[in-house]
Structures are given as C-alpha cells and as structure tokens.
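One file, entry-v7.cif, is given below (mmCIF, C-alpha atoms and all ligand atoms).
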```cif
data_my_file
#
loop_
_atom_site.label_atom_id
_atom_site.label_comp_id
_atom_site.auth_asym_id
_atom_site.auth_seq_id
_atom_site.Cartn_x
_atom_site.Cartn_y
_atom_site.Cartn_z
CA MET K 1 -31.14 0.58 46.18
CA ASN K 2 -34.10 2.85 46.58
CA ARG K 3 -37.06 0.81 47.76
CA ILE K 4 -40.31 2.62 48.38
CA TYR K 5 -43.15 1.67 50.68
CA ASN K 6 -45.68 -0.31 48.68
CA PHE K 7 -49.14 -0.41 50.27
CA SER K 8 -50.67 -2.49 47.48
CA ALA K 9 -53.50 -4.89 48.33
CA GLY K 10 -51.88 -7.58 46.21
CA PRO K 11 -49.58 -8.53 44.71
CA SER K 12 -47.91 -6.78 47.59
CA CYS K 13 -44.51 -6.21 49.10
CA LEU K 14 -42.36 -9.19 50.04
CA PRO K 15 -39.84 -9.19 52.90
CA LEU K 16 -36.61 -7.57 51.75
CA PRO K 17 -34.36 -10.34 53.14
CA VAL K 18 -36.41 -12.83 51.11
CA LEU K 19 -36.01 -10.85 47.91
CA GLU K 20 -32.30 -10.43 48.55
CA ARG K 21 -31.79 -14.14 49.14
CA ALA K 22 -33.84 -15.04 46.06
CA GLY K 23 -31.71 -12.58 44.13
CA ARG K 24 -28.49 -14.23 45.29
CA GLU K 25 -29.84 -17.65 44.34
CA ILE K 26 -31.59 -16.66 41.16
CA ALA K 27 -29.15 -18.08 38.62
CA CYS K 28 -27.71 -20.89 40.69
CA TYR K 29 -29.57 -22.58 43.53
CA GLY K 30 -27.30 -24.39 45.98
CA GLN K 31 -25.21 -26.98 44.14
CA ALA K 32 -27.87 -27.43 41.44
CA GLY K 33 -26.07 -25.33 38.85
CA MET K 34 -29.37 -23.85 37.71
CA SER K 35 -32.18 -21.58 38.82
CA VAL K 36 -35.20 -22.94 40.69
CA MET K 37 -37.13 -21.62 37.68
CA GLU K 38 -35.31 -24.06 35.43
CA MET K 39 -35.66 -27.20 37.53
CA SER K 40 -37.81 -30.24 36.89
CA HIS K 41 -40.61 -30.19 39.42
CA ARG K 42 -40.00 -33.90 40.00
CA GLY K 43 -36.23 -33.59 40.22
CA LYS K 44 -33.94 -34.14 43.21
CA ASP K 45 -33.35 -30.44 43.72
CA PHE K 46 -36.93 -29.23 43.66
CA ILE K 47 -38.66 -31.99 45.66
CA PRO K 48 -36.89 -31.01 48.93
CA ILE K 49 -37.97 -27.39 48.34
CA ALA K 50 -41.64 -28.37 48.00
CA GLU K 51 -41.41 -30.74 50.97
CA ALA K 52 -39.76 -28.13 53.17
CA ALA K 53 -42.36 -25.51 52.20
CA GLU K 54 -45.16 -27.87 53.21
CA ALA K 55 -43.42 -28.93 56.44
CA LYS K 56 -42.78 -25.33 57.50
CA LEU K 57 -46.32 -24.27 56.65
CA ARG K 58 -47.65 -27.18 58.72
CA CYS K 59 -45.41 -26.25 61.60
CA LEU K 60 -46.14 -22.49 61.57
CA LEU K 61 -49.91 -22.89 61.24
CA GLY K 62 -50.09 -25.99 63.43
CA ILE K 63 -51.90 -27.93 60.71
CA PRO K 64 -53.17 -31.23 62.16
CA GLN K 65 -52.12 -34.53 60.58
CA ASN K 66 -55.60 -35.20 59.20
CA TYR K 67 -55.36 -32.23 56.83
CA LYS K 68 -53.77 -32.18 53.39
CA VAL K 69 -51.85 -29.18 52.12
CA LEU K 70 -52.19 -28.54 48.39
CA PHE K 71 -50.07 -26.16 46.30
CA LEU K 72 -52.30 -25.23 43.36
CA GLN K 73 -52.75 -22.54 40.72
CA GLY K 74 -55.69 -20.48 39.52
CA GLY K 75 -55.82 -18.06 42.45
CA ALA K 76 -58.46 -17.84 45.13
CA SER K 77 -60.98 -17.23 42.33
CA MET K 78 -60.48 -20.77 41.03
CA GLN K 79 -61.34 -22.02 44.51
CA PHE K 80 -64.67 -20.19 44.25
CA ALA K 81 -65.55 -22.96 41.75
CA ALA K 82 -63.47 -25.80 43.18
CA VAL K 83 -65.18 -25.61 46.58
CA PRO K 84 -68.73 -26.29 45.33
CA LEU K 85 -67.49 -28.78 42.73
CA ASN K 86 -65.92 -30.79 45.55
CA LEU K 87 -68.21 -30.16 48.47
CA LEU K 88 -71.70 -29.25 47.25
CA PRO K 89 -73.73 -32.31 46.31
CA GLU K 90 -76.05 -31.78 43.33
CA THR K 91 -79.12 -32.10 45.54
CA GLY K 92 -77.61 -30.31 48.55
CA SER K 93 -77.25 -26.72 49.68
CA ALA K 94 -74.44 -24.50 51.01
CA ASP K 95 -74.51 -21.40 53.23
CA TYR K 96 -72.47 -18.32 52.28
CA ILE K 97 -71.78 -15.19 54.30
CA ASP K 98 -71.70 -12.12 52.07
CA SER K 99 -69.17 -9.88 53.81
CA GLY K 100 -67.49 -8.22 50.83
CA ASN K 101 -66.82 -8.20 47.12
CA PHE K 102 -64.87 -11.47 47.06
CA ALA K 103 -67.32 -13.19 49.40
CA HIS K 104 -70.04 -12.14 46.99
CA LEU K 105 -68.13 -13.41 43.98
CA ALA K 106 -67.50 -16.73 45.72
CA MET K 107 -71.23 -17.05 46.38
CA GLU K 108 -72.17 -16.17 42.80
CA GLU K 109 -69.71 -18.69 41.44
CA ALA K 110 -71.11 -21.43 43.69
CA GLN K 111 -74.62 -20.61 42.45
CA ARG K 112 -73.54 -21.90 39.04
CA PHE K 113 -73.22 -25.37 40.54
CA GLY K 114 -76.12 -25.78 42.89
CA HIS K 115 -78.30 -24.40 45.62
CA VAL K 116 -76.64 -21.71 47.64
CA ARG K 117 -78.16 -19.70 50.46
CA CYS K 118 -76.96 -16.29 51.53
CA ALA K 119 -77.04 -16.79 55.31
CA ALA K 120 -76.09 -13.19 56.19
CA SER K 121 -75.01 -10.10 54.30
CA SER K 122 -73.67 -6.61 54.97
CA ARG K 123 -73.89 -5.65 51.29
CA GLU K 124 -76.64 -3.07 51.93
CA GLU K 125 -74.29 -1.26 54.32
CA ASN K 126 -71.47 -1.31 51.79
CA TYR K 127 -69.73 -3.99 53.86
CA VAL K 128 -68.63 -1.78 56.74
CA LYS K 129 -68.95 -4.75 59.11
CA ILE K 130 -69.07 -8.52 59.26
CA PRO K 131 -72.80 -9.32 59.18
CA GLU K 132 -74.40 -10.92 62.17
CA ILE K 133 -75.12 -14.58 61.55
CA THR K 134 -78.47 -15.42 63.05
CA GLY K 135 -79.51 -18.70 61.48
CA LEU K 136 -77.49 -21.36 59.72
CA ASP K 137 -78.89 -24.27 57.76
CA LYS K 138 -78.04 -27.38 59.78
CA ASN K 139 -78.17 -29.45 56.61
CA ALA K 140 -75.87 -27.19 54.60
CA ALA K 141 -72.95 -29.07 53.08
CA TYR K 142 -70.64 -26.27 54.25
CA LEU K 143 -70.53 -22.67 55.44
CA HIS K 144 -68.34 -20.34 53.36
CA ILE K 145 -66.77 -17.21 54.85
CA THR K 146 -64.08 -14.72 53.85
CA GLY K 147 -61.81 -14.31 56.86
CA ASN K 148 -60.49 -10.87 55.96
CA ASN K 149 -62.22 -8.57 53.49
CA THR K 150 -59.42 -6.98 51.53
CA ILE K 151 -61.37 -4.14 49.93
CA TYR K 152 -63.44 -3.05 52.94
CA GLY K 153 -60.89 -3.66 55.70
CA THR K 154 -62.99 -5.91 57.92
CA ARG K 155 -62.24 -9.25 59.53
CA TYR K 156 -63.94 -11.90 61.62
CA ILE K 157 -63.27 -11.56 65.32
CA GLU K 158 -64.79 -14.96 66.05
CA TRP K 159 -65.14 -17.93 63.72
CA PRO K 160 -68.70 -19.16 63.23
CA GLU K 161 -69.36 -22.73 64.29
CA SER K 162 -69.85 -25.23 61.49
CA ASP K 163 -68.97 -28.88 60.91
CA CYS K 164 -67.57 -27.77 57.60
CA LEU K 165 -66.35 -24.19 57.75
CA VAL K 166 -64.75 -23.16 54.44
CA CYS K 167 -62.70 -19.99 54.60
CA ASP K 168 -61.04 -17.73 52.06
CA LEU K 169 -58.02 -16.50 54.01
CA SER K 170 -56.27 -14.86 51.05
CA SER K 171 -55.58 -11.56 52.74
CA SER K 172 -54.78 -12.64 56.28
CA ILE K 173 -53.21 -16.10 56.21
CA LEU K 174 -50.00 -16.23 58.28
CA SER K 175 -50.73 -12.85 59.85
CA GLU K 176 -51.65 -14.47 63.18
CA PRO K 177 -52.06 -17.96 64.65
CA ILE K 178 -55.29 -19.75 63.81
CA ASP K 179 -56.85 -22.99 65.02
CA VAL K 180 -56.94 -24.94 61.76
CA SER K 181 -59.03 -27.70 63.36
CA LYS K 182 -62.02 -25.29 63.38
CA PHE K 183 -62.07 -25.38 59.58
CA GLY K 184 -62.98 -27.98 57.01
CA LEU K 185 -61.07 -26.15 54.30
CA ILE K 186 -58.94 -23.01 54.05
CA TYR K 187 -57.77 -21.51 50.79
CA ALA K 188 -55.64 -18.49 49.98
CA GLY K 189 -54.01 -16.89 46.98
CA ALA K 190 -50.34 -16.40 47.82
CA GLN K 191 -49.77 -12.89 46.53
CA LYS K 192 -50.42 -11.01 49.77
CA ASN K 193 -48.78 -12.75 52.69
CA MET K 194 -47.06 -15.77 51.23
CA ALA K 195 -45.30 -15.51 47.88
CA PRO K 196 -45.60 -13.99 44.42
CA ALA K 197 -48.82 -14.51 42.46
CA GLY K 198 -49.30 -17.91 40.86
CA LEU K 199 -49.58 -20.13 43.93
CA THR K 200 -52.81 -20.95 45.75
CA VAL K 201 -52.64 -22.83 49.03
CA VAL K 202 -55.47 -25.16 50.04
CA ILE K 203 -55.61 -26.82 53.46
CA VAL K 204 -58.32 -29.46 53.49
CA ARG K 205 -59.53 -31.97 56.08
CA GLU K 206 -59.07 -35.48 54.76
CA ASP K 207 -62.67 -36.60 55.22
CA LEU K 208 -63.67 -33.95 52.64
CA LEU K 209 -61.60 -35.58 49.90
CA GLY K 210 -63.17 -37.90 47.35
CA ARG K 211 -66.53 -36.13 47.20
CA ALA K 212 -66.06 -34.30 43.90
CA ARG K 213 -68.89 -34.38 41.40
CA PRO K 214 -68.54 -36.69 38.41
CA GLY K 215 -68.09 -33.71 36.08
CA CYS K 216 -65.41 -32.00 38.19
CA PRO K 217 -62.24 -31.37 36.16
CA ALA K 218 -59.32 -33.44 37.48
CA MET K 219 -57.32 -30.28 38.07
CA LEU K 220 -59.99 -29.02 40.49
CA ASP K 221 -60.54 -32.32 42.27
CA TYR K 222 -58.89 -32.11 45.70
CA ALA K 223 -58.56 -35.90 45.93
CA VAL K 224 -56.70 -36.02 42.61
CA GLN K 225 -54.37 -33.22 43.67
CA ALA K 226 -53.81 -34.72 47.13
CA LYS K 227 -53.01 -38.15 45.67
CA ALA K 228 -50.53 -36.59 43.26
CA GLY K 229 -48.84 -34.55 46.01
CA SER K 230 -49.92 -31.33 44.20
CA MET K 231 -48.01 -32.54 41.13
CA TYR K 232 -50.83 -33.74 38.94
CA ASN K 233 -49.32 -31.26 36.54
CA THR K 234 -46.47 -28.76 36.81
CA PRO K 235 -46.89 -26.78 40.02
CA PRO K 236 -45.86 -23.09 40.36
CA CYS K 237 -42.30 -24.05 41.33
CA TRP K 238 -40.84 -20.57 41.72
CA ALA K 239 -43.71 -19.37 43.91
CA ILE K 240 -43.38 -22.48 46.10
CA TYR K 241 -39.67 -21.73 46.54
CA MET K 242 -40.50 -18.13 47.45
CA LEU K 243 -43.07 -19.40 49.94
CA LEU K 244 -40.34 -21.47 51.57
CA LEU K 245 -38.16 -18.38 51.94
CA VAL K 246 -41.06 -16.37 53.39
CA LEU K 247 -41.82 -19.16 55.87
CA GLU K 248 -38.16 -19.25 56.94
CA TRP K 249 -38.30 -15.48 57.41
CA LEU K 250 -41.43 -15.88 59.56
CA GLU K 251 -39.74 -18.58 61.63
CA GLY K 252 -36.81 -16.26 62.18
CA LEU K 253 -39.17 -13.57 63.49
CA GLY K 254 -40.53 -16.01 66.05
CA GLY K 255 -43.52 -17.50 64.24
CA LEU K 256 -47.12 -16.38 63.97
CA ALA K 257 -47.62 -15.25 67.58
CA ALA K 258 -44.71 -12.85 67.16
CA MET K 259 -45.99 -11.80 63.73
CA LYS K 260 -49.40 -11.06 65.21
CA LYS K 261 -47.85 -8.73 67.82
CA LEU K 262 -45.98 -6.87 65.10
CA ASN K 263 -49.13 -6.64 62.98
CA GLN K 264 -51.22 -5.38 65.90
CA ALA K 265 -48.63 -2.73 66.68
CA LYS K 266 -48.44 -1.63 63.03
CA ALA K 267 -52.21 -1.46 62.65
CA ALA K 268 -52.51 0.51 65.91
CA VAL K 269 -50.17 3.19 64.54
CA LEU K 270 -52.47 3.72 61.59
CA TYR K 271 -55.80 3.42 63.38
CA ASP K 272 -54.56 5.84 66.05
CA ALA K 273 -53.64 8.30 63.32
CA ILE K 274 -57.14 8.00 61.86
CA ASP K 275 -58.90 8.24 65.24
CA GLN K 276 -56.86 11.24 66.37
CA SER K 277 -57.38 13.10 63.12
CA LYS K 278 -60.08 15.66 62.54
CA VAL K 279 -60.10 15.11 58.79
CA PHE K 280 -59.35 11.43 58.13
CA SER K 281 -62.06 8.91 58.90
CA SER K 282 -62.81 5.23 58.56
CA LYS K 283 -66.26 3.83 57.87
CA VAL K 284 -65.51 0.38 59.25
CA GLU K 285 -67.18 -0.65 62.50
CA LYS K 286 -64.31 -0.55 64.97
CA ARG K 287 -64.54 -4.08 66.34
CA PHE K 288 -64.22 -5.54 62.85
CA ARG K 289 -61.17 -3.53 61.84
CA SER K 290 -58.71 -5.55 59.79
CA LEU K 291 -55.05 -5.80 60.78
CA MET K 292 -54.10 -6.11 57.12
CA ASN K 293 -56.12 -3.61 55.07
CA VAL K 294 -56.90 -0.16 56.40
CA PRO K 295 -59.27 2.00 54.35
CA PHE K 296 -59.52 5.67 55.32
CA MET K 297 -60.66 8.84 53.64
CA LEU K 298 -60.97 12.59 53.56
CA GLU K 299 -64.36 14.20 52.96
CA ASP K 300 -63.40 15.82 49.70
CA ASP K 301 -62.44 13.58 46.82
CA GLU K 302 -60.03 16.14 45.36
CA GLN K 303 -58.16 16.02 48.65
CA ASN K 304 -58.07 12.23 48.52
CA LYS K 305 -56.49 12.46 45.09
CA ARG K 306 -53.97 15.02 46.28
CA PHE K 307 -53.11 12.86 49.29
CA ILE K 308 -52.46 9.80 47.10
CA LYS K 309 -50.35 11.82 44.69
CA GLU K 310 -48.27 13.53 47.36
CA ALA K 311 -47.81 10.29 49.30
CA ALA K 312 -46.42 8.72 46.13
CA ALA K 313 -44.06 11.66 45.69
CA ASN K 314 -42.88 10.91 49.24
CA GLY K 315 -42.17 7.23 48.56
CA MET K 316 -45.49 5.67 49.63
CA VAL K 317 -47.38 4.11 46.74
CA GLN K 318 -50.52 2.14 45.91
CA LEU K 319 -52.62 3.97 48.47
CA ALA K 320 -55.75 4.50 46.36
CA GLY K 321 -58.83 2.83 47.83
CA HIS K 322 -60.78 0.31 45.79
CA ARG K 323 -63.19 2.02 43.39
CA SER K 324 -66.21 0.70 45.31
CA VAL K 325 -65.03 2.41 48.51
CA GLY K 326 -63.01 5.41 47.32
CA GLY K 327 -60.53 7.32 49.47
CA MET K 328 -57.38 5.52 50.51
CA ARG K 329 -56.47 2.01 51.58
CA ALA K 330 -53.19 1.02 53.15
CA SER K 331 -52.49 -2.69 52.95
CA ILE K 332 -50.04 -3.50 55.70
CA TYR K 333 -49.37 -7.19 55.30
CA ASN K 334 -46.62 -9.07 57.15
CA ALA K 335 -43.86 -7.74 54.92
CA MET K 336 -44.71 -4.05 55.40
CA PRO K 337 -42.14 -2.75 57.89
CA ARG K 338 -43.34 -0.76 60.88
CA GLU K 339 -41.28 2.19 59.59
CA GLY K 340 -43.50 2.31 56.49
CA VAL K 341 -46.63 2.59 58.59
CA GLU K 342 -45.05 5.19 60.86
CA LYS K 343 -44.01 7.22 57.85
CA LEU K 344 -47.56 7.08 56.51
CA ALA K 345 -49.04 8.14 59.87
CA GLU K 346 -46.59 11.08 60.03
CA PHE K 347 -47.46 12.03 56.47
CA MET K 348 -51.18 12.04 57.38
CA LYS K 349 -50.46 14.48 60.20
CA ASP K 350 -48.38 16.71 57.94
CA PHE K 351 -51.08 16.63 55.28
CA GLU K 352 -53.76 17.56 57.80
CA ARG K 353 -51.78 20.68 58.72
CA THR K 354 -51.92 21.83 55.09
CA LEU K 355 -55.73 21.78 54.95
N1 LIG N 401 -60.39 -13.38 47.99
C1 LIG N 401 -59.85 -12.32 48.61
C2 LIG N 401 -60.15 -12.08 50.05
C3 LIG N 401 -59.01 -11.46 47.90
O1 LIG N 401 -58.47 -10.41 48.50
C4 LIG N 401 -58.73 -11.73 46.54
C5 LIG N 401 -57.79 -10.89 45.70
N2 LIG N 401 -57.50 -9.67 46.05
C6 LIG N 401 -59.35 -12.82 45.93
C7 LIG N 401 -60.15 -13.63 46.70
C8 LIG N 401 -59.11 -13.15 44.50
O2 LIG N 401 -57.86 -13.72 44.46
P1 LIG N 401 -57.14 -14.21 43.14
O3 LIG N 401 -56.76 -12.99 42.39
O4 LIG N 401 -55.98 -14.98 43.68
O5 LIG N 401 -58.10 -15.07 42.39
#
```
Represent the supplied structure as structure tokens.
Amino acid sequence: MNRIYNFSAGPSCLPLPVLERAGREIACYGQAGMSVMEMSHRGKDFIPIAEAAEAKLRCLLGIPQNYKVLFLQGGASMQFAAVPLNLLPETGSADYIDSGNFAHLAMEEAQRFGHVRCAASSREENYVKIPEITGLDKNAAYLHITGNNTIYGTRYIEWPESDCLVCDLSSSILSEPIDVSKFGLIYAGAQKNMAPAGLTVVIVREDLLGRARPGCPAMLDYAVQAKAGSMYNTPPCWAIYMLLLVLEWLEGLGGLAAMKKLNQAKAAVLYDAIDQSKVFSSKVEKRFRSLMNVPFMLEDDEQNKRFIKEAAANGMVQLAGHRSVGGMRASIYNAMPREGVEKLAEFMKDFERTL
C-alpha cells in the first residue's frame, strides 16, 4: 500500500484504521451477510449503527438532551436554505457575519427568503480575519456565523453571544471540544472531519423545531426530520456507518480534548515553518489562524506552481490554494497524521534552499 499525504480541503483524508476496518467489513458486516451499503435503513442491522453513531456523537460533543441530532443530505449548502426556511419568519430579520466565501453564500441564499442583515464583514480585506462584530440586531431571529473559514484559514476565537446562534461548523466540527449549549443550531457537511461526502449533520435546540414556513419542503423541515428520526426518506446509510467508525477512532484517541492537543501541535509545526521562513508567508491575522486550513504562499506565482508540483512528486497532494486566494493551502483535519505535516514543513525548508 502506498498512501500519500492528501491535504485536500474536502472531501479529505479519512483515518487509515477507519478505512481498513471499512474495507474488512465492506462485503459482509458482522453477522448480517451483506454490506452496510445493501441494508434496509429500517432493518435490524442498520438501526443499531445509526443509533450508535448518534449516541457517540452526543457523547463526544457533549450534546445536551434538549438538542436533536439529524443525519441529513444535501451538504452544508442545503442548510444555507434550510436555516432561513425554518428560522426566519416572513416578517422577521436575521443577522449574518460575512467572514468568507461560504459565509457569503449562506447569506445570499438566506436573502432569497427574507430580510437579512450583514452585521459585519471582512470581505473588503479578502477575509484575512474574522470581522469585528460591533452591533447586533436584538430582534434578529438568529445570528449566522461560519466557525472555520475553509478557504481563507480563519476561525472564531470566541463565539458571539446570541439567543439563537446558528453556526456552519463544516470544516472544524470534532476538531476540538465545543460548548453546544451556546448554539441554537450547528450544521456541518461530513466530508472533512466526519465521514465521506453525502452526510450532513444538524444539531438543533428543540425549541427551534416546528417553526418552518408553510412553504418549506418536508425534506428541509427540521421538525419533520426530527420526528422521523432522520428517516423521513432513505438516509445516507454508508456515510452514517463511516461516521460511527470515525467516532470510535476519536474515542480511542481520547476524545475531543486529546484531538485538540494533536491538532494544535500539528498546526504549530506548519505555522512555525511559515513564520521562520524568509520566503513563505501567510496573510491571515495571527490570532484568527485556523487549526484546520493553513493557506501560505510564495511571492512569485511560478514558484507557487513549482512548489505544488514538486510537493506532489514527493507524495503530498492537493496543496493548491483556492483560486480566490492563490498560493498554497494545507488542510490538516483530524485524520491528517502529524508525520504528514512534518514532512510538508521539511519540504518547505528544502524548497526554500533551492530559491
Ligand atoms: N461551509 C463550509 C465552511 C465549507 O467549507 C463548505 C465546503 N467546502 C461548505 C459550506 C459547502 O459544503 P457542501 O459542499 O457540503 O455543501
């Protein structure tokens, strides 16, 4: 087996022990005599998988009893619409913080459904920081934020206060402990830190259920999905099973506090390499640096291209930065081993010597 280091922003690398176990179980799960991919989602073999995935997620994240966990489809982008359809009354207003491309898309999508206010934005500065929030609308139905900005490599260091804080945690969920009770709703696409693409996790406070607009499609209505135990229709069974394996892997590592330490140590290796270099730089304001996505660049774009190409030749792939930022971006989610980050940092030093 010749696995390379995959720094993709998502879908991204999964823990090797998880992939190996899924491989062993792929044709025949337990005593079921069939693959998880072939099972009825309402059958006796799959139900315990879905229940265990929810129970372990609740345990790892410390999700309080008055929150529902939903296993949905449609990606985080579908939640950009589901959130206002459920939480923004036709005559009401919602506050959005514009801290990156996906935050902006979420805000634009919500504008299709009602009155939305941009409460703070760092768009003019090409999102190198989380914008300062100076005034929030006390009557806003909710405040929407993006916890970690995947493209720009920034993250909140403090959660804003709101009775109904809605957070897109797609690119940092399960990377560190969080206090779920500070949020009204959290959503995340699975394909970075949780499972393969196809699963979207929603964690929603119960008092926010049952507020969907009359025209809201049943599939997007949180109350409908909660009542049906996320089985209003066929859920993404395979991705839920993979989530269970990832959660077991996380438990084995010691949970989210242990994961956070590993992530901090990994990120430090890379940020130190950037800070000590005379040629690599990062535009992100230091205090907002993400632990998950690390953009960095060389002055000359030809050199960036050469770096990406030579890194790939050395077994480190998907390092190109997003087109709106340029340069490089290393996504170092939970499953990226420390060795991968160390190898990248060493490669940066070697590359610098060639300039
Ligand atoms: N929000 C964030 C923070 C993301 O990083 C992404 C995807 N990279 C999205 C939303 C969109 O997710 P999806 O593709 O699951 O719709």
Find the residues near Tyr232 (chain K): any atom within 8 Å, counting only C-alpha atoms, skip ones fewer than 6 places away on the same chain, and give them as number ranges by chain. K: 219, 224-225
Within 9 Å of Val166 (chain K), counting all atoms listed in the file, which residues qualify if same-chain residues fewer than 5 places away don't, as a PyMOL selection string? chain K and resi 83+142-146+183-187
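Separating CA of Met292 (chain K) from CA of Leu220 (chain K) is a distance of 28.9 Å.
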Excluding same-chain residues fewer than 4 positions from Arg289 (chain K), what lies within 12 Å of it counting only C-alpha atoms, as a count of residues only? 28
Between K:Ser77, K:Ser290, K:Thr134, K:Gln191, single out the one closest to ligand LIG 401 (chain N), counting all atoms listed in the file.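 Of all the options, K:Ser77 lies closest to ligand LIG 401 (chain N).
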Within 9 Å of region 36-46 of chain K, counting all atoms listed in the file, which residues show up once you throw out same-chain ones fewer than 3 positions away? Write them as a compact mmCIF listing (two decimals) with C-alpha atoms, in the frame of the given file, please.
```txt
# COMPACT_ATOMS: atom_id res chain seq x y z
CA GLU K 25 -29.84 -17.65 44.34
CA ILE K 26 -31.59 -16.66 41.16
CA ALA K 27 -29.15 -18.08 38.62
CA CYS K 28 -27.71 -20.89 40.69
CA TYR K 29 -29.57 -22.58 43.53
CA GLY K 30 -27.30 -24.39 45.98
CA GLN K 31 -25.21 -26.98 44.14
CA ALA K 32 -27.87 -27.43 41.44
CA ILE K 49 -37.97 -27.39 48.34
CA ALA K 50 -41.64 -28.37 48.00
CA GLU K 51 -41.41 -30.74 50.97
CA MET K 231 -48.01 -32.54 41.13
CA THR K 234 -46.47 -28.76 36.81
CA PRO K 235 -46.89 -26.78 40.02
CA PRO K 236 -45.86 -23.09 40.36
CA CYS K 237 -42.30 -24.05 41.33
CA TRP K 238 -40.84 -20.57 41.72
CA TYR K 241 -39.67 -21.73 46.54
```
What does the list of residues within 7 Å of ligand LIG 401 (chain N) look like if you count only C-alpha atoms and all ligand atoms, written as a VMD selection string? chain K and resid 9 to 10 74 to 78 102 146 148 to 150 168 to 171 189
Nearest to Val204 (chain K): which of K:Lys182, K:Arg123, K:Lys286, K:Arg24 is it, counting all atoms listed in the file? K:Lys182
Counting only C-alpha atoms, the residue of K:Ser8, K:Leu105, K:Ile178, K:His115 that sits nearest Ile63 (chain K):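 Between K:Ser8, K:Leu105, K:Ile178, K:His115, the residue approaching Ile63 (chain K) most closely is K:Ile178.
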Could you tell me which of K:Pro214, K:Trp159, K:Val202, K:Ile274 comes closest to Phe80 (chain K) if we count only C-alpha atoms?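 The answer is K:Val202, which sits nearest to Phe80 (chain K).
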